[in-house]
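Raw coords-v9.txt, compact mmCIF, C-alpha atoms:
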```txt
# COMPACT_ATOMS: atom_id res chain seq x y z
CA MET H 151 -29.15 82.78 81.19
CA ALA H 152 -32.18 81.71 83.14
CA SER H 153 -32.85 83.68 86.25
CA LEU H 154 -32.21 82.36 89.72
CA ARG H 155 -35.89 81.99 90.42
CA ASP H 156 -36.51 80.07 87.18
CA ILE H 157 -33.81 77.57 88.00
CA LYS H 158 -35.10 77.17 91.52
CA ASN H 159 -38.58 76.42 90.23
CA ARG H 160 -37.27 73.84 87.86
CA ILE H 161 -35.27 72.19 90.61
CA SER H 162 -38.25 71.94 92.88
CA SER H 163 -40.57 70.59 90.17
CA THR H 164 -38.01 68.01 89.12
CA THR H 165 -37.58 66.98 92.74
CA LYS H 166 -41.31 66.44 93.03
CA MET H 167 -41.35 64.45 89.83
CA LYS H 168 -38.54 62.32 91.16
CA GLN H 169 -40.52 61.63 94.29
CA ILE H 170 -43.40 60.40 92.19
CA THR H 171 -41.34 58.19 89.92
CA LYS H 172 -39.52 56.81 92.93
CA ALA H 173 -42.83 55.93 94.57
CA MET H 174 -44.12 54.34 91.38
CA GLU H 175 -40.94 52.34 91.14
CA MET H 176 -41.42 50.94 94.60
CA VAL H 177 -45.08 50.17 93.99
CA SER H 178 -44.19 48.32 90.82
CA ALA H 179 -41.44 46.44 92.59
CA SER H 180 -43.85 45.09 95.16
CA LYS H 181 -46.43 44.28 92.47
CA LEU H 182 -43.76 42.50 90.53
CA ASN H 183 -43.02 40.37 93.55
CA LYS H 184 -46.65 39.38 93.84
CA ALA H 185 -46.93 38.75 90.10
CA GLU H 186 -43.92 36.49 90.22
CA GLN H 187 -45.59 34.51 92.97
CA ASN H 188 -48.76 34.21 90.89
CA VAL H 189 -46.78 32.86 87.99
CA LYS H 190 -45.16 30.36 90.31
CA SER H 191 -48.40 29.17 91.81
CA PHE H 192 -49.85 28.67 88.35
CA VAL H 193 -46.98 26.41 87.29
CA PRO H 194 -48.20 23.19 88.95
CA TYR H 195 -51.58 23.53 87.26
CA SER H 196 -50.17 24.14 83.80
CA GLU H 197 -47.56 21.43 84.09
CA LYS H 198 -50.09 18.86 85.16
CA MET H 199 -52.45 19.97 82.43
CA GLU H 200 -49.75 19.64 79.81
CA GLU H 201 -48.80 16.24 81.10
CA VAL H 202 -52.31 14.85 80.94
CA VAL H 203 -53.18 16.44 77.59
CA GLY H 204 -49.86 15.26 76.20
CA SER H 205 -50.31 11.72 77.35
CA ILE H 206 -53.81 11.52 75.92
CA ALA H 207 -52.95 13.16 72.64
CA ASN H 208 -49.82 11.12 72.17
CA GLY H 209 -51.01 7.86 73.64
CA ASN H 210 -53.54 7.27 70.92
CA THR H 211 -53.51 8.63 67.47
CA ASP H 212 -57.15 7.77 66.86
CA ALA H 213 -58.34 10.33 69.38
CA GLN H 214 -59.89 13.03 67.27
CA HIS H 215 -60.95 16.47 68.22
CA PRO H 216 -61.45 19.60 66.12
CA MET H 217 -59.02 21.49 68.31
CA LEU H 218 -56.22 19.14 67.37
CA GLN H 219 -56.75 19.46 63.65
CA LYS H 220 -55.30 21.98 61.30
CA ARG H 221 -57.83 23.65 59.06
CA ASP H 222 -57.37 25.89 56.07
CA VAL H 223 -56.80 29.27 57.59
CA LYS H 224 -59.40 31.73 56.39
CA LYS H 225 -59.36 33.91 59.44
CA THR H 226 -56.76 34.25 62.16
CA GLY H 227 -57.34 35.42 65.68
CA TYR H 228 -54.72 37.41 67.54
CA ILE H 229 -54.82 37.80 71.29
CA VAL H 230 -52.75 40.79 72.28
CA ILE H 231 -51.84 41.41 75.90
CA THR H 232 -51.01 44.98 76.82
CA SER H 233 -51.37 47.03 79.96
CA ASP H 234 -54.13 49.48 80.84
CA ARG H 235 -51.79 52.30 81.69
CA GLY H 236 -48.65 53.64 80.11
CA LEU H 237 -45.44 54.68 81.83
CA ALA H 238 -44.04 51.24 81.34
CA GLY H 239 -41.26 51.98 78.89
CA ALA H 240 -41.38 50.00 75.70
CA TYR H 241 -43.68 47.38 77.19
CA ASN H 242 -46.73 48.16 75.08
CA SER H 243 -45.13 49.58 72.00
CA SER H 244 -42.90 46.58 71.40
CA VAL H 245 -45.82 44.13 71.48
CA LEU H 246 -48.03 46.33 69.38
CA ARG H 247 -45.33 46.99 66.82
CA ASN H 248 -44.69 43.29 66.52
CA VAL H 249 -48.35 42.39 66.07
CA PHE H 250 -48.97 45.25 63.68
CA ARG H 251 -46.11 44.20 61.49
CA THR H 252 -47.12 40.56 61.51
CA ILE H 253 -50.69 41.37 60.60
CA ASN H 254 -49.63 43.64 57.77
CA GLU H 255 -47.29 41.02 56.42
CA ARG H 256 -49.73 38.18 56.56
CA HIS H 257 -53.02 39.71 55.63
CA ASN H 258 -54.26 41.86 52.82
CA SER H 259 -57.71 42.67 54.05
CA SER H 260 -59.27 43.12 57.43
CA ASN H 261 -61.59 40.16 56.79
CA GLU H 262 -58.73 37.79 57.29
CA TYR H 263 -58.04 38.44 60.92
CA THR H 264 -59.50 39.66 64.13
CA VAL H 265 -57.98 40.92 67.33
CA VAL H 266 -58.80 40.08 70.91
CA ALA H 267 -57.43 42.93 72.96
CA ILE H 268 -56.49 42.55 76.60
CA GLY H 269 -55.64 45.94 78.09
CA ARG H 270 -56.68 49.46 77.21
CA ILE H 271 -53.55 50.49 75.33
CA GLY H 272 -53.90 47.64 72.87
CA TYR H 273 -57.63 48.20 72.48
CA GLU H 274 -57.17 51.85 71.63
CA PHE H 275 -54.31 51.11 69.28
CA PHE H 276 -56.37 48.77 67.14
CA LYS H 277 -59.48 50.86 67.37
CA LYS H 278 -57.66 53.92 66.10
CA ARG H 279 -56.43 52.01 63.08
CA ASP H 280 -59.87 50.60 62.31
CA MET H 281 -58.78 47.05 62.79
CA PRO H 282 -61.43 44.51 63.73
CA ILE H 283 -61.62 43.81 67.45
CA ALA H 284 -63.64 40.73 68.27
CA LYS H 285 -63.43 41.01 72.03
CA SER H 286 -61.68 43.09 74.54
CA ILE H 287 -61.18 43.32 78.25
CA ILE H 288 -60.09 46.47 80.02
CA GLY H 289 -59.36 47.11 83.64
CA LEU H 290 -57.98 43.78 84.72
CA ALA H 291 -56.59 43.75 88.22
CA ASP H 292 -52.86 43.89 88.67
CA GLN H 293 -53.03 40.40 90.06
CA PRO H 294 -55.77 38.86 87.96
CA ASP H 295 -57.74 35.80 89.09
CA PHE H 296 -58.56 33.04 86.74
CA ALA H 297 -62.23 33.97 87.08
CA GLU H 298 -61.62 37.43 85.59
CA ILE H 299 -60.22 36.12 82.36
CA LYS H 300 -62.23 32.92 82.16
CA GLU H 301 -65.14 34.34 80.23
CA LEU H 302 -63.00 36.04 77.62
CA ALA H 303 -60.82 32.95 77.29
CA SER H 304 -63.68 30.53 76.87
CA GLU H 305 -65.47 32.79 74.40
CA THR H 306 -62.32 33.09 72.35
CA VAL H 307 -61.84 29.34 72.38
CA GLN H 308 -65.50 29.03 71.41
CA MET H 309 -64.81 31.20 68.35
CA PHE H 310 -62.38 28.59 67.20
CA THR H 311 -64.82 25.76 67.86
CA ASP H 312 -67.50 27.60 65.91
CA GLU H 313 -65.03 27.94 63.04
CA GLU H 314 -65.24 31.69 63.20
CA ILE H 315 -61.47 31.70 63.31
CA ASP H 316 -59.20 28.90 62.14
CA GLU H 317 -56.10 29.74 64.06
CA LEU H 318 -55.43 31.53 67.30
CA ASN H 319 -52.18 33.24 68.20
CA ILE H 320 -51.24 35.09 71.33
CA TYR H 321 -48.77 37.96 71.62
CA TYR H 322 -47.39 39.09 74.92
CA ASN H 323 -44.23 40.08 76.73
CA HIS H 324 -42.55 37.07 78.20
CA TYR H 325 -40.95 37.70 81.56
CA VAL H 326 -37.30 36.71 81.25
CA SER H 327 -35.94 38.56 84.25
CA ALA H 328 -36.60 41.75 86.14
CA ILE H 329 -34.71 43.75 83.57
CA SER H 330 -35.52 41.88 80.39
CA GLN H 331 -38.82 41.07 78.76
CA GLU H 332 -39.23 39.56 75.37
CA VAL H 333 -42.09 39.81 72.92
CA THR H 334 -43.32 36.29 72.41
CA SER H 335 -45.88 34.87 70.07
CA LYS H 336 -47.48 31.52 70.58
CA LYS H 337 -49.92 29.54 68.59
CA ILE H 338 -52.65 28.37 70.92
CA LEU H 339 -55.06 26.75 68.55
CA PRO H 340 -55.10 24.34 66.86
CA ILE H 341 -53.09 22.45 69.43
CA THR H 342 -50.31 20.88 67.46
CA ASP H 343 -47.14 20.88 69.44
CA ILE H 344 -47.86 18.94 72.55
CA GLU H 345 -45.03 16.77 73.47
CA GLY H 346 -45.87 14.27 76.16
CA LYS H 347 -43.51 14.51 79.06
CA ALA H 348 -41.51 11.36 78.68
CA GLY H 349 -40.59 11.47 82.35
CA MET H 350 -43.83 9.80 83.36
CA SER H 351 -43.08 6.20 82.63
CA GLY H 352 -46.00 3.88 82.17
CA SER H 353 -48.61 6.59 82.42
CA GLN H 354 -51.14 4.68 80.41
CA TYR H 355 -54.43 5.88 81.74
CA GLU H 356 -57.83 4.40 81.81
CA TYR H 357 -60.28 6.89 80.44
CA GLU H 358 -63.62 7.37 82.00
CA PRO H 359 -65.91 7.46 79.96
CA ASP H 360 -63.62 7.58 76.89
CA GLN H 361 -60.85 9.62 75.34
CA GLU H 362 -62.99 11.71 73.09
CA GLN H 363 -65.24 12.79 75.94
CA ILE H 364 -62.24 13.74 77.99
CA LEU H 365 -60.61 15.65 75.18
CA LYS H 366 -63.83 17.55 74.75
CA VAL H 367 -63.61 18.78 78.33
CA LEU H 368 -59.88 18.96 78.58
CA LEU H 369 -58.78 20.76 75.45
CA PRO H 370 -60.81 23.93 75.94
CA GLN H 371 -59.56 24.03 79.51
CA TYR H 372 -56.05 23.54 78.28
CA ALA H 373 -56.37 26.40 75.80
CA GLU H 374 -57.88 28.63 78.46
CA SER H 375 -55.07 27.82 80.82
CA LEU H 376 -52.56 28.79 78.13
CA ILE H 377 -54.23 32.16 77.79
CA TYR H 378 -54.26 32.67 81.53
CA GLY H 379 -50.63 31.64 81.77
CA ALA H 380 -49.69 34.18 79.12
CA LEU H 381 -51.63 36.84 80.96
CA LEU H 382 -49.82 36.17 84.23
CA ASP H 383 -46.53 36.21 82.38
CA GLY H 384 -47.52 39.46 80.70
CA LYS H 385 -48.50 41.06 83.99
CA ALA H 386 -45.20 40.14 85.56
CA SER H 387 -43.43 41.69 82.59
CA GLU H 388 -45.60 44.78 82.85
CA HIS H 389 -44.63 45.42 86.45
CA ALA H 390 -41.00 44.68 85.69
CA ALA H 391 -41.02 47.01 82.69
CA ARG H 392 -42.67 49.76 84.70
CA ARG H 393 -40.22 49.34 87.51
CA THR H 394 -37.27 49.65 85.13
CA ALA H 395 -38.83 52.63 83.37
CA MET H 396 -39.49 54.40 86.65
CA ASN H 397 -36.04 53.55 87.89
CA SER H 398 -34.41 55.22 84.91
CA ALA H 399 -36.83 58.12 85.18
CA SER H 400 -35.71 58.65 88.78
CA ASP H 401 -32.09 58.43 87.70
CA ASN H 402 -32.65 60.97 84.96
CA ALA H 403 -34.41 63.29 87.36
CA GLU H 404 -31.41 63.00 89.64
CA ASP H 405 -29.07 63.96 86.79
CA ILE H 406 -31.21 66.93 85.86
CA ILE H 407 -31.32 68.10 89.46
CA ASP H 408 -27.53 67.87 89.65
CA ASP H 409 -27.10 69.88 86.48
CA LEU H 410 -29.62 72.46 87.58
CA SER H 411 -28.07 72.85 91.02
CA LEU H 412 -24.75 73.45 89.36
CA SER H 413 -26.09 76.20 87.16
CA TYR H 414 -28.11 77.55 90.09
CA ASN H 415 -24.97 77.90 92.16
CA ARG H 416 -23.10 79.37 89.24
CA ALA H 417 -25.83 81.94 88.71
CA ARG H 418 -25.91 82.72 92.42
CA GLN H 419 -22.18 83.22 92.47
CA ALA H 420 -22.32 85.40 89.39
CA ALA H 421 -24.99 87.49 91.03
CA ILE H 422 -22.89 87.92 94.17
CA THR H 423 -19.80 88.77 92.19
CA GLN H 424 -21.74 91.33 90.26
CA GLU H 425 -23.07 92.88 93.46
CA ILE H 426 -19.58 93.10 94.93
CA THR H 427 -18.26 94.68 91.76
CA GLU H 428 -21.05 97.19 91.88
CA ILE H 429 -20.39 98.08 95.51
CA ILE H 430 -16.67 98.40 94.93
CA GLY H 431 -17.37 100.44 91.84
CA GLY H 432 -19.68 102.68 93.93
CA VAL H 433 -17.07 103.11 96.66
CA ALA H 434 -14.37 103.92 94.08
CA ALA H 435 -16.60 106.56 92.56
CA LEU H 436 -17.11 108.24 95.96
CA GLU H 437 -13.39 108.54 96.68
CA MET W 139 -52.90 1.32 106.13
CA LYS W 140 -52.12 2.73 102.73
CA THR W 141 -53.09 6.26 101.97
CA LEU W 142 -53.55 8.39 98.90
CA THR W 143 -51.76 11.66 98.41
CA VAL W 144 -54.35 14.07 97.17
CA SER W 145 -53.44 17.37 95.62
CA VAL W 146 -55.95 19.86 94.37
CA VAL W 147 -54.59 22.43 91.94
CA THR W 148 -56.26 25.43 90.37
CA PRO W 149 -54.89 28.17 88.11
CA ASP W 150 -54.74 30.42 91.17
CA GLY W 151 -52.46 28.03 92.97
CA PRO W 152 -52.58 24.79 94.93
CA VAL W 153 -55.59 24.49 97.22
CA LEU W 154 -54.79 21.43 99.20
CA GLU W 155 -52.19 18.73 99.47
CA ASP W 156 -52.53 16.00 102.03
CA SER W 157 -52.96 12.28 102.44
CA PHE W 158 -56.37 10.68 102.71
CA ASP W 159 -57.86 7.20 102.81
CA MET W 160 -60.42 7.65 100.13
CA VAL W 161 -61.61 10.13 97.54
CA SER W 162 -65.16 10.17 96.36
CA CYS W 163 -66.41 12.48 93.70
CA LYS W 164 -68.90 12.79 90.92
CA ALA W 165 -67.59 12.24 87.42
CA GLU W 166 -69.50 12.92 84.23
CA ASN W 167 -70.99 9.46 84.23
CA GLY W 168 -71.56 8.76 87.88
CA GLU W 169 -70.08 8.65 91.33
CA LEU W 170 -66.51 7.51 91.66
CA GLY W 171 -64.83 6.23 94.78
CA ILE W 172 -61.09 5.92 94.70
CA LEU W 173 -59.04 3.90 97.17
CA PRO W 174 -55.26 3.50 97.27
CA GLY W 175 -53.91 1.27 94.53
CA HIS W 176 -56.37 2.32 91.88
CA ILE W 177 -55.24 1.90 88.26
CA PRO W 178 -54.18 5.09 86.49
CA MET W 179 -57.23 6.91 85.25
CA VAL W 180 -58.43 10.25 83.97
CA ALA W 181 -62.03 11.40 84.34
CA PRO W 182 -63.76 14.74 83.99
CA LEU W 183 -65.69 15.92 87.04
CA THR W 184 -69.05 17.60 87.13
CA ILE W 185 -69.71 20.76 89.08
CA SER W 186 -70.01 19.02 92.40
CA GLY W 187 -68.57 18.34 95.78
CA VAL W 188 -65.51 16.22 96.30
CA ARG W 189 -65.27 14.31 99.56
CA LEU W 190 -61.89 13.42 100.94
CA LYS W 191 -62.05 10.85 103.72
CA ARG W 192 -59.57 10.27 106.46
CA GLU W 193 -60.02 7.84 109.37
CA ASN W 194 -62.73 9.74 111.11
CA ASP W 195 -63.19 13.01 109.39
CA THR W 196 -64.17 14.14 105.93
CA GLU W 197 -63.09 17.19 104.05
CA ARG W 198 -65.27 18.63 101.39
CA LEU W 199 -64.46 20.82 98.44
CA ALA W 200 -66.68 22.60 95.96
CA VAL W 201 -65.16 21.89 92.56
CA ASN W 202 -66.02 23.50 89.27
CA GLY W 203 -64.77 22.61 85.82
CA GLY W 204 -62.26 20.05 86.77
CA PHE W 205 -60.97 16.63 86.13
CA LEU W 206 -59.33 13.91 88.09
CA GLU W 207 -56.08 12.17 87.43
CA VAL W 208 -55.50 8.99 89.38
CA ARG W 209 -52.30 7.10 89.94
CA PRO W 210 -51.87 4.20 92.34
CA ASP W 211 -50.66 6.37 95.21
CA LYS W 212 -51.62 9.82 94.11
CA VAL W 213 -54.75 11.64 93.06
CA THR W 214 -54.58 15.01 91.39
CA ILE W 215 -57.64 17.13 90.91
CA LEU W 216 -57.22 19.89 88.38
CA ALA W 217 -60.05 22.37 88.53
CA GLN W 218 -60.82 25.88 87.40
CA SER W 219 -61.90 26.57 90.93
CA ALA W 220 -61.92 24.56 94.14
CA GLU W 221 -63.02 25.91 97.47
CA LYS W 222 -63.07 24.65 101.01
CA PRO W 223 -66.32 25.24 102.92
CA SER W 224 -64.64 27.96 104.97
CA GLU W 225 -63.58 29.83 101.85
CA ILE W 226 -66.99 30.00 100.27
CA ASN W 227 -68.69 33.34 100.25
CA VAL W 228 -72.24 32.28 101.08
CA ASP W 229 -73.84 35.64 100.36
CA ARG W 230 -72.25 35.85 96.98
CA ALA W 231 -73.26 32.32 96.08
CA GLN W 232 -76.80 33.01 97.21
CA GLU W 233 -76.90 36.14 95.09
CA ALA W 234 -75.53 34.31 92.08
CA LYS W 235 -78.16 31.64 92.55
CA THR W 236 -81.06 34.09 92.58
CA ARG W 237 -79.65 35.89 89.60
CA ALA W 238 -79.25 32.69 87.60
CA GLU W 239 -82.75 31.54 88.51
CA LYS W 240 -84.24 34.83 87.43
CA ARG W 241 -82.42 34.64 84.18
CA LEU W 242 -83.62 31.12 83.52
CA GLN W 243 -87.20 32.04 84.28
CA SER W 244 -87.30 35.19 82.21
CA LYS W 245 -87.52 33.08 79.03
CA GLN W 246 -86.17 35.63 76.68
CA ASP W 247 -84.58 34.55 73.47
CA ASP W 248 -81.40 36.45 73.80
CA ILE W 249 -80.32 34.73 76.96
CA ASP W 250 -77.60 32.22 77.06
CA PHE W 251 -79.37 29.39 78.82
CA GLN W 252 -76.40 27.17 78.99
CA ARG W 253 -74.40 29.76 80.82
CA ALA W 254 -77.17 30.61 83.22
CA GLU W 255 -77.63 26.94 83.95
CA LEU W 256 -73.96 26.47 84.67
CA ALA W 257 -73.96 29.52 86.90
CA LEU W 258 -76.92 28.10 88.79
CA LYS W 259 -75.17 24.79 89.21
CA ARG W 260 -72.04 26.41 90.52
CA ALA W 261 -73.97 28.51 93.01
CA THR W 262 -76.06 25.60 94.29
CA ASN W 263 -72.98 23.46 94.62
CA ARG W 264 -71.19 26.12 96.64
CA LEU W 265 -74.17 26.59 98.92
CA GLU W 266 -74.47 22.88 99.49
CA ILE W 267 -70.82 22.46 100.38
CA SER W 268 -70.77 25.43 102.68
CA ARG W 269 -73.56 23.97 104.75
```

Rewritten as structure tokens:
Amino acid sequence: MASLRDIKNRISSTTKMKQITKAMEMVSASKLNKAEQNVKSFVPYSEKMEEVVGSIANGNTDAQHPMLQKRDVKKTGYIVITSDRGLAGAYNSSVLRNVFRTINERHNSSNEYTVVAIGRIGYEFFKKRDMPIAKSIIGLADQPDFAEIKELASETVQMFTDEEIDELNIYYNHYVSAISQEVTSKKILPITDIEGKAGMSGSQYEYEPDQEQILKVLLPQYAESLIYGALLDGKASEHAARRTAMNSASDNAEDIIDDLSLSYNRARQAAITQEITEIIGGVAALE
Amino acid sequence: MKTLTVSVVTPDGPVLEDSFDMVSCKAENGELGILPGHIPMVAPLTISGVRLKRENDTERLAVNGGFLEVRPDKVTILAQSAEKPSEINVDRAQEAKTRAEKRLQSKQDDIDFQRAELALKRATNRLEISR
């Protein structure tokens, strides 16, 4: 059996660990709050964007734009959103596993796809496996601005325009609730599944100068906004996942401390009993 | 008198929502002035200032990468960024301007002129609005 001092050391180190995980839990909880707000404040922009793009794309079938057209897929782009740091439970591994499997199923050689990695964990994952990384961004703020991601987003969209890639998918954790996040994949480009919001009756717009010009400006912006939206969603999930992970870590630490205190007390009692027996034994020997 | 509800939305959240008498802005092919009762319209905006007029005062916004959606009683400006004069960081804009100018003048081949030009436009626009 471990000695009294050993057990005491373990108790105190576990207590310290619990303090840390508890603090991290609370930090993540407040970040999650902020991230939820960010997602909310992005909603009006994305809804409006969808409405306008939808009404243009649906209103007239003769509006043509390369981003609306399906091409033969020679190369696929995958945007993968992960976090920069670990300690977030299955947050990163579930996305990465999903992407890795999909890529292995769909492609035979590494010429057929490329990865755009957002977050250090994802970047290192693909780098270690010698998979092609077209672009990456590391060290995004916990509450990213649009400006931080804009360059990466527009360069990625540009890759599609330049026909470097013929399809663009995004993988991230969708924030369902504070305790549940879901790996989601979305096809961003080409834009095929826009349904115009039927709610806007009679929204036949005049276009200034004309539809094609507007689509040229609008569609890249739309695609960029999808990427940003996914990033905000992913960040909210990250904080939620970390909060849950830290919460269960604190709980586990608590359990361990309970168990250890029990065996500590048992050992202490055993030691006392032994001492008493020895004393009594000593006294008996003297008589 | 009729008014227009103007809302300015960016990915980082709504910037402004209020009613005004008139909106004037610079679209890709020229200045646009919008009064209440305008027919529904969509137009892309240049990197420029948007002026929102009320009876006797005018609000200005520095808009970048946006477009305008007009409905008879409502104008929505969707932009990648939109700033009120008070929110503009003049020093940063000034710095960005000098940097972009330097880049444009250096005349090296490996420089993305289009991007430098856009950066310059954004910076000049911000400076102008903040004045």

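Relative to atom CA of Val367 of chain H, atom CA of Asp250 of chain W is found at 19.4 Å.
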
>> Give me, as a VMD selection string, all polymer residues having an atom no more than 10 Å from Asp156 of chain W, counting only C-alpha atoms and skipping those fewer than 5 positions away in the same chain.
In response: chain W and resid 141 to 146 190

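Restricting the calculation to only C-alpha atoms, the smallest distance between chain W and any of H:Asp312, H:Glu356, H:Glu274, H:Glu374 is found for H:Glu356.
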
Can you build me a table of chain W residues sitting at most 10 Å from chain H, with the closest atom pair per residue and its distance in Å to one decimal, using only C-alpha atoms, sorted by chain and residue number, as a Markdown table?
```
| residue | atom | partner | partner_atom | distance |
| --- | --- | --- | --- | --- |
| W:Val146 | CA | H:Tyr195 | CA | 9.1 |
| W:Val147 | CA | H:Tyr195 | CA | 5.7 |
| W:Thr148 | CA | H:Tyr195 | CA | 5.9 |
| W:Pro149 | CA | H:Phe192 | CA | 5.1 |
| W:Asp150 | CA | H:Phe192 | CA | 5.9 |
| W:Gly151 | CA | H:Ser191 | CA | 4.4 |
| W:Pro152 | CA | H:Ser191 | CA | 6.8 |
| W:Ala165 | CA | H:Glu358 | CA | 8.3 |
| W:Glu166 | CA | H:Pro359 | CA | 7.8 |
| W:Asn167 | CA | H:Pro359 | CA | 6.9 |
| W:Gly168 | CA | H:Pro359 | CA | 9.8 |
| W:Ile177 | CA | H:Glu356 | CA | 7.4 |
| W:Pro178 | CA | H:Tyr355 | CA | 4.8 |
| W:Met179 | CA | H:Glu356 | CA | 4.3 |
| W:Val180 | CA | H:Tyr357 | CA | 5.2 |
| W:Ala181 | CA | H:Glu358 | CA | 4.9 |
| W:Pro182 | CA | H:Ile364 | CA | 6.3 |
| W:Leu183 | CA | H:Val367 | CA | 9.4 |
| W:Gly203 | CA | H:Gln371 | CA | 8.3 |
| W:Gly204 | CA | H:Leu368 | CA | 8.6 |
| W:Phe205 | CA | H:Leu368 | CA | 8.0 |
| W:Leu206 | CA | H:Glu358 | CA | 9.9 |
| W:Glu207 | CA | H:Val202 | CA | 8.0 |
| W:Val208 | CA | H:Tyr355 | CA | 8.3 |
| W:Arg209 | CA | H:Ser353 | CA | 8.4 |
| W:Thr214 | CA | H:Lys198 | CA | 8.6 |
| W:Ile215 | CA | H:Tyr195 | CA | 9.5 |
| W:Leu216 | CA | H:Tyr195 | CA | 6.8 |
| W:Ala217 | CA | H:Tyr195 | CA | 8.6 |
| W:Gln218 | CA | H:Phe296 | CA | 7.5 |
| W:Ser219 | CA | H:Ala297 | CA | 8.3 |
```

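Distance check against Pro282 of chain H using all atoms listed in the file: of H:Thr226, H:Ser398, H:Ser205, H:Asn319, the minimum falls on H:Thr226.
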
> Around (-52.1, 3.4, 95.6) in the file's frame, which residues reach within 6 Å when counting all atoms listed in the file? Return as a PyMOL selection string?
Replying inline: chain W and resi 174-176+210-211

>> Give me, as a list in words, all polymer residues having an atom no more than 10 Å from Glu266 of chain W, counting all atoms listed in the file and skipping those fewer than 2 positions away in the same chain.
In response: Ser186, Gly187, Ala200, Pro223, Val228, Arg260, Ala261, Thr262, Asn263, Arg264, Ser268 and Arg269 of chain W

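The gap separating atom CA of Ala185 of chain H from atom CA of Tyr241 of chain H is 15.9 Å, in Å to one decimal.
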
Taking all listed atoms of segment 140-152 of chain W, build the axis-aligned box, pad each of the six sides by 5 Å, then write its centre and edge lengths in Å to one decimal as lines of an AutoDock Vina configuration file.
```
center_x = -54.0
center_y = 16.6
center_z = 95.4
size_x = 14.5
size_y = 37.7
size_z = 24.6
```

>> Can you tell me which residues surround Ala328 of chain H at a distance of at most 10 Å, considering all atoms listed in the file, apart from same-chain residues fewer than 5 positions away, and format the answer as a ChimeraX atom specification?
In response: /H:179,182-183,186,386-387,389-391,393-394

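Here atom CA of Ile287 of chain H and atom CA of Thr171 of chain H stand 27.4 Å from one another.
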
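With distances restricted to all atoms listed in the file, H:Ala207 is the closest residue to Glu362 of chain H from H:Ile299, H:Val333, H:Leu154, H:Ala207.
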
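Proximity to Leu412 of chain H was assessed for H:Lys285, H:Lys158, H:Arg247, H:Lys168 counting only C-alpha atoms; the smallest distance is recorded for H:Lys158.
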